Structure formats: C-alpha cells, structure tokens
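Student: What follows is coords13.cif, made up of mmCIF, N, CA and C atoms:
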```cif
data_start
loop_
_atom_site.group_PDB
_atom_site.id
_atom_site.type_symbol
_atom_site.label_atom_id
_atom_site.label_comp_id
_atom_site.auth_asym_id
_atom_site.auth_seq_id
_atom_site.Cartn_x
_atom_site.Cartn_y
_atom_site.Cartn_z
ATOM 1 N N MET A 1 0.843 -1.194 0.000
ATOM 2 C CA MET A 1 0.000 0.000 0.000
ATOM 3 C C MET A 1 0.878 1.244 0.000
ATOM 4 N N ASP A 2 0.473 2.250 -0.754
ATOM 5 C CA ASP A 2 1.218 3.498 -0.804
ATOM 6 C C ASP A 2 1.056 4.259 0.504
ATOM 7 N N THR A 3 2.114 4.985 0.878
ATOM 8 C CA THR A 3 2.065 5.779 2.102
ATOM 9 C C THR A 3 2.543 7.193 1.815
ATOM 10 N N ILE A 4 2.173 8.108 2.699
ATOM 11 C CA ILE A 4 2.674 9.477 2.642
ATOM 12 C C ILE A 4 3.153 9.864 4.037
ATOM 13 N N LYS A 5 4.163 10.728 4.076
ATOM 14 C CA LYS A 5 4.654 11.255 5.344
ATOM 15 C C LYS A 5 4.180 12.701 5.455
ATOM 16 N N ILE A 6 3.596 13.016 6.607
ATOM 17 C CA ILE A 6 3.004 14.336 6.835
ATOM 18 C C ILE A 6 3.701 14.976 8.022
ATOM 19 N N ARG A 7 4.098 16.246 7.897
ATOM 20 C CA ARG A 7 4.775 16.971 8.971
ATOM 21 C C ARG A 7 3.943 18.191 9.373
ATOM 22 N N GLN A 8 3.820 18.407 10.680
ATOM 23 C CA GLN A 8 3.146 19.604 11.178
ATOM 24 C C GLN A 8 4.156 20.744 11.157
ATOM 25 N N VAL A 9 3.816 21.833 10.471
ATOM 26 C CA VAL A 9 4.753 22.939 10.311
ATOM 27 C C VAL A 9 4.325 24.208 11.044
ATOM 28 N N ARG A 10 3.071 24.272 11.490
ATOM 29 C CA ARG A 10 2.597 25.427 12.244
ATOM 30 C C ARG A 10 1.769 24.966 13.426
ATOM 31 N N SER A 11 1.739 25.807 14.454
ATOM 32 C CA SER A 11 0.964 25.496 15.641
ATOM 33 C C SER A 11 -0.524 25.675 15.354
ATOM 34 N N ALA A 12 -1.345 24.905 16.064
ATOM 35 C CA ALA A 12 -2.797 24.992 15.894
ATOM 36 C C ALA A 12 -3.403 26.060 16.802
ATOM 37 N N ILE A 13 -2.573 26.711 17.606
ATOM 38 C CA ILE A 13 -3.079 27.771 18.491
ATOM 39 C C ILE A 13 -3.653 28.896 17.635
ATOM 40 N N GLY A 14 -4.856 29.303 17.959
ATOM 41 C CA GLY A 14 -5.485 30.394 17.227
ATOM 42 C C GLY A 14 -6.350 29.934 16.068
ATOM 43 N N TYR A 15 -6.366 28.637 15.796
ATOM 44 C CA TYR A 15 -7.205 28.106 14.730
ATOM 45 C C TYR A 15 -8.421 27.418 15.341
ATOM 46 N N SER A 16 -9.388 27.111 14.513
ATOM 47 C CA SER A 16 -10.652 26.578 15.006
ATOM 48 C C SER A 16 -10.488 25.181 15.608
ATOM 49 N N ARG A 17 -11.447 24.807 16.427
ATOM 50 C CA ARG A 17 -11.451 23.499 17.072
ATOM 51 C C ARG A 17 -11.460 22.377 16.033
ATOM 52 N N LYS A 18 -12.204 22.566 14.947
ATOM 53 C CA LYS A 18 -12.271 21.544 13.905
ATOM 54 C C LYS A 18 -10.901 21.301 13.275
ATOM 55 N N GLN A 19 -10.149 22.373 13.069
ATOM 56 C CA GLN A 19 -8.822 22.214 12.480
ATOM 57 C C GLN A 19 -7.883 21.504 13.449
ATOM 58 N N ARG A 20 -7.992 21.802 14.739
ATOM 59 C CA ARG A 20 -7.187 21.090 15.735
ATOM 60 C C ARG A 20 -7.565 19.611 15.779
ATOM 61 N N GLU A 21 -8.843 19.306 15.621
ATOM 62 C CA GLU A 21 -9.294 17.919 15.611
ATOM 63 C C GLU A 21 -8.759 17.162 14.398
ATOM 64 N N VAL A 22 -8.664 17.837 13.266
ATOM 65 C CA VAL A 22 -8.108 17.192 12.078
ATOM 66 C C VAL A 22 -6.636 16.847 12.317
ATOM 67 N N LEU A 23 -5.896 17.757 12.948
ATOM 68 C CA LEU A 23 -4.496 17.473 13.286
ATOM 69 C C LEU A 23 -4.392 16.237 14.165
ATOM 70 N N ARG A 24 -5.225 16.169 15.196
ATOM 71 C CA ARG A 24 -5.202 15.028 16.111
ATOM 72 C C ARG A 24 -5.604 13.744 15.388
ATOM 73 N N SER A 25 -6.547 13.832 14.455
ATOM 74 C CA SER A 25 -6.986 12.658 13.708
ATOM 75 C C SER A 25 -5.858 12.095 12.843
ATOM 76 N N LEU A 26 -4.990 12.980 12.378
ATOM 77 C CA LEU A 26 -3.833 12.537 11.604
ATOM 78 C C LEU A 26 -2.740 11.971 12.500
ATOM 79 N N GLY A 27 -2.859 12.196 13.809
ATOM 80 C CA GLY A 27 -1.868 11.688 14.748
ATOM 81 C C GLY A 27 -0.776 12.680 15.069
ATOM 82 N N LEU A 28 -0.994 13.942 14.722
ATOM 83 C CA LEU A 28 0.017 14.977 14.966
ATOM 84 C C LEU A 28 -0.253 15.675 16.285
ATOM 85 N N ARG A 29 0.778 15.771 17.111
ATOM 86 C CA ARG A 29 0.648 16.407 18.418
ATOM 87 C C ARG A 29 1.613 17.566 18.600
ATOM 88 N N ARG A 30 2.805 17.489 17.987
ATOM 89 C CA ARG A 30 3.838 18.498 18.195
ATOM 90 C C ARG A 30 4.329 19.084 16.872
ATOM 91 N N LEU A 31 4.892 20.271 16.946
ATOM 92 C CA LEU A 31 5.499 20.885 15.769
ATOM 93 C C LEU A 31 6.640 20.017 15.246
ATOM 94 N N HIS A 32 6.755 19.958 13.942
ATOM 95 C CA HIS A 32 7.815 19.234 13.230
ATOM 96 C C HIS A 32 7.746 17.724 13.425
ATOM 97 N N GLN A 33 6.664 17.240 14.021
ATOM 98 C CA GLN A 33 6.466 15.802 14.128
ATOM 99 C C GLN A 33 6.069 15.266 12.757
ATOM 100 N N VAL A 34 6.595 14.100 12.403
ATOM 101 C CA VAL A 34 6.288 13.467 11.118
ATOM 102 C C VAL A 34 5.571 12.155 11.389
ATOM 103 N N VAL A 35 4.458 11.941 10.705
ATOM 104 C CA VAL A 35 3.724 10.687 10.806
ATOM 105 C C VAL A 35 3.593 10.084 9.413
ATOM 106 N N GLU A 36 3.513 8.767 9.364
ATOM 107 C CA GLU A 36 3.352 8.061 8.098
ATOM 108 C C GLU A 36 1.949 7.465 8.070
ATOM 109 N N ARG A 37 1.199 7.790 7.048
ATOM 110 C CA ARG A 37 -0.182 7.322 6.904
ATOM 111 C C ARG A 37 -0.358 6.702 5.528
ATOM 112 N N GLN A 38 -1.361 5.842 5.409
ATOM 113 C CA GLN A 38 -1.692 5.271 4.103
ATOM 114 C C GLN A 38 -2.198 6.382 3.194
ATOM 115 N N ASP A 39 -1.865 6.261 1.924
ATOM 116 C CA ASP A 39 -2.269 7.276 0.944
ATOM 117 C C ASP A 39 -3.694 6.969 0.484
ATOM 118 N N LEU A 40 -4.647 7.383 1.308
ATOM 119 C CA LEU A 40 -6.061 7.159 1.036
ATOM 120 C C LEU A 40 -6.751 8.490 0.766
ATOM 121 N N PRO A 41 -7.879 8.476 0.055
ATOM 122 C CA PRO A 41 -8.609 9.723 -0.192
ATOM 123 C C PRO A 41 -9.015 10.436 1.102
ATOM 124 N N ALA A 42 -9.340 9.690 2.151
ATOM 125 C CA ALA A 42 -9.741 10.315 3.411
ATOM 126 C C ALA A 42 -8.580 11.077 4.037
ATOM 127 N N VAL A 43 -7.391 10.497 3.996
ATOM 128 C CA VAL A 43 -6.206 11.164 4.556
ATOM 129 C C VAL A 43 -5.847 12.382 3.709
ATOM 130 N N ARG A 44 -5.906 12.238 2.394
ATOM 131 C CA ARG A 44 -5.631 13.381 1.504
ATOM 132 C C ARG A 44 -6.624 14.512 1.761
ATOM 133 N N GLY A 45 -7.880 14.156 2.037
ATOM 134 C CA GLY A 45 -8.890 15.166 2.324
ATOM 135 C C GLY A 45 -8.596 15.900 3.612
ATOM 136 N N MET A 46 -8.112 15.168 4.639
ATOM 137 C CA MET A 46 -7.762 15.821 5.901
ATOM 138 C C MET A 46 -6.593 16.783 5.703
ATOM 139 N N VAL A 47 -5.602 16.362 4.914
ATOM 140 C CA VAL A 47 -4.456 17.232 4.632
ATOM 141 C C VAL A 47 -4.921 18.469 3.859
ATOM 142 N N ALA A 48 -5.862 18.297 2.950
ATOM 143 C CA ALA A 48 -6.364 19.421 2.159
ATOM 144 C C ALA A 48 -7.132 20.423 3.010
ATOM 145 N N LYS A 49 -7.691 19.971 4.133
ATOM 146 C CA LYS A 49 -8.432 20.870 5.025
ATOM 147 C C LYS A 49 -7.512 21.808 5.793
ATOM 148 N N ILE A 50 -6.263 21.382 6.017
ATOM 149 C CA ILE A 50 -5.347 22.187 6.836
ATOM 150 C C ILE A 50 -3.985 22.360 6.150
ATOM 151 N N PRO A 51 -3.946 22.821 4.903
ATOM 152 C CA PRO A 51 -2.653 22.924 4.210
ATOM 153 C C PRO A 51 -1.726 23.972 4.826
ATOM 154 N N HIS A 52 -2.289 24.897 5.588
ATOM 155 C CA HIS A 52 -1.483 25.938 6.234
ATOM 156 C C HIS A 52 -0.801 25.418 7.500
ATOM 157 N N LEU A 53 -1.195 24.246 7.987
ATOM 158 C CA LEU A 53 -0.623 23.687 9.215
ATOM 159 C C LEU A 53 0.305 22.499 8.952
ATOM 160 N N VAL A 54 0.139 21.833 7.818
ATOM 161 C CA VAL A 54 0.921 20.626 7.544
ATOM 162 C C VAL A 54 1.540 20.689 6.150
ATOM 163 N N GLU A 55 2.510 19.808 5.927
ATOM 164 C CA GLU A 55 3.063 19.639 4.579
ATOM 165 C C GLU A 55 3.307 18.155 4.358
ATOM 166 N N VAL A 56 3.186 17.732 3.104
ATOM 167 C CA VAL A 56 3.481 16.345 2.739
ATOM 168 C C VAL A 56 4.973 16.292 2.441
ATOM 169 N N VAL A 57 5.706 15.482 3.234
ATOM 170 C CA VAL A 57 7.146 15.425 3.124
ATOM 171 C C VAL A 57 7.579 14.452 2.051
ATOM 172 N N GLU A 58 6.942 13.282 2.025
ATOM 173 C CA GLU A 58 7.391 12.226 1.131
ATOM 174 C C GLU A 58 6.217 11.347 0.749
ATOM 175 N N GLU A 59 6.224 10.925 -0.499
ATOM 176 C CA GLU A 59 5.211 10.000 -0.993
ATOM 177 C C GLU A 59 5.908 8.745 -1.467
ATOM 178 N N LYS A 60 5.546 7.606 -0.894
ATOM 179 C CA LYS A 60 6.146 6.324 -1.299
ATOM 180 C C LYS A 60 5.154 5.564 -2.155
ATOM 181 N N ALA A 61 5.635 5.066 -3.268
ATOM 182 C CA ALA A 61 4.763 4.283 -4.151
ATOM 183 C C ALA A 61 4.856 2.807 -3.829
#
```
Could you spell out this file's structure in structure tokens?
Tutor:
Amino acid sequence: MDTIKIRQVRSAIGYSRKQREVLRSLGLRRLHQVVERQDLPAVRGMVAKIPHLVEVVEEKA
C-alpha cells in the first residue's frame, strides 16, 4: 500500500477546534512531528483541510 509522510509545520493555536481535531486525527501532536499514513482519499482530504498547518514530506509508491 502506498504511504505518505506528513509533517506539522505550524501550531494549531489560534485556529478553530475543527482544524485542531483534524491534526489530532492525523496523529500529529507536536510541531515538526512526522507521521506516516496510508495514501487514502480520506487522509488526503484531511491534509487538504489544513494545508497551512501541515506539509506532505514524502510519498512512497
């Protein structure tokens, strides 16, 4: 299965509760933390909701 690595690049302080919940759903808790998730449409949708807080570091095929 394909995976993507996602890094939190900005703090969630000052953003809405829903955006903080999306960060937690991805498994991100701290700045510059990197998590590896399956490359699924649901995960891509969560990343698309908060592009100002996260970045996709690496995509593995």
Student: Go through the shown structure with the PyMOL selection byres (((chain A and resi 32-38 and name CA) around 6) and name CA) and write out the matching residues as a list in words.
Tutor: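 That expression, the PyMOL selection byres (((chain A and resi 32-38 and name CA) around 6) and name CA), corresponds here to Asp2, Thr3, Ile4, Lys5, Ile6, Arg7, Gln8, Val9, Arg30, Leu31, Asp39 and Leu40 of chain A.
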Student: Tell me, in Å to one decimal, how far atom CA of A:Tyr15 is from atom N of A:Glu58.
Tutor: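 For atom CA of A:Tyr15 relative to atom N of A:Glu58, the distance reads 24.1 Å.
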Student: Just to confirm, what's the straight-line distance from atom N of A:Met46 to atom C of A:Lys18 in Å (one decimal)?
Tutor: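 If I compute the distance from atom N of A:Met46 to atom C of A:Lys18, I get 11.0 Å.
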Student: For atom CA of A:Ala61 and atom CA of A:Arg24, determine how far apart the two atoms are, in Å to one decimal place.
Tutor: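 One can read the atom CA of A:Ala61 to atom CA of A:Arg24 distance as 25.0 Å.
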Student: Just list the residues in chain A DSSP gives strand (DSSP E or B) on the backbone, as JSON, numbers by chain.
Tutor: {"A": [3, 4, 5, 6, 7, 8, 34, 35, 36, 37, 38, 54, 55, 56, 57, 58, 59, 60]}
Student: Using DSSP secondary structure from the backbone, list all alpha helix (DSSP H) positions within chain A, as JSON, numbers by chain.
Tutor: {"A": [17, 18, 19, 20, 21, 22, 23, 24, 25, 26, 41, 42, 43, 44, 45, 46, 47, 48, 49]}
Student: Identify which of the residues A:Ala42, A:Arg10, A:Met1, A:Leu26 lies closest to A:Glu55, counting all atoms listed in the file when measuring atom-to-atom distances.
Tutor: A:Arg10
Student: On this structure, which residues satisfy the PyMOL selection byres (((chain A and resi 19 and name CA) around 12) and name CA), written as a VMD selection string?
Tutor: chain A and resid 10 to 18 20 to 26 28 46 to 54
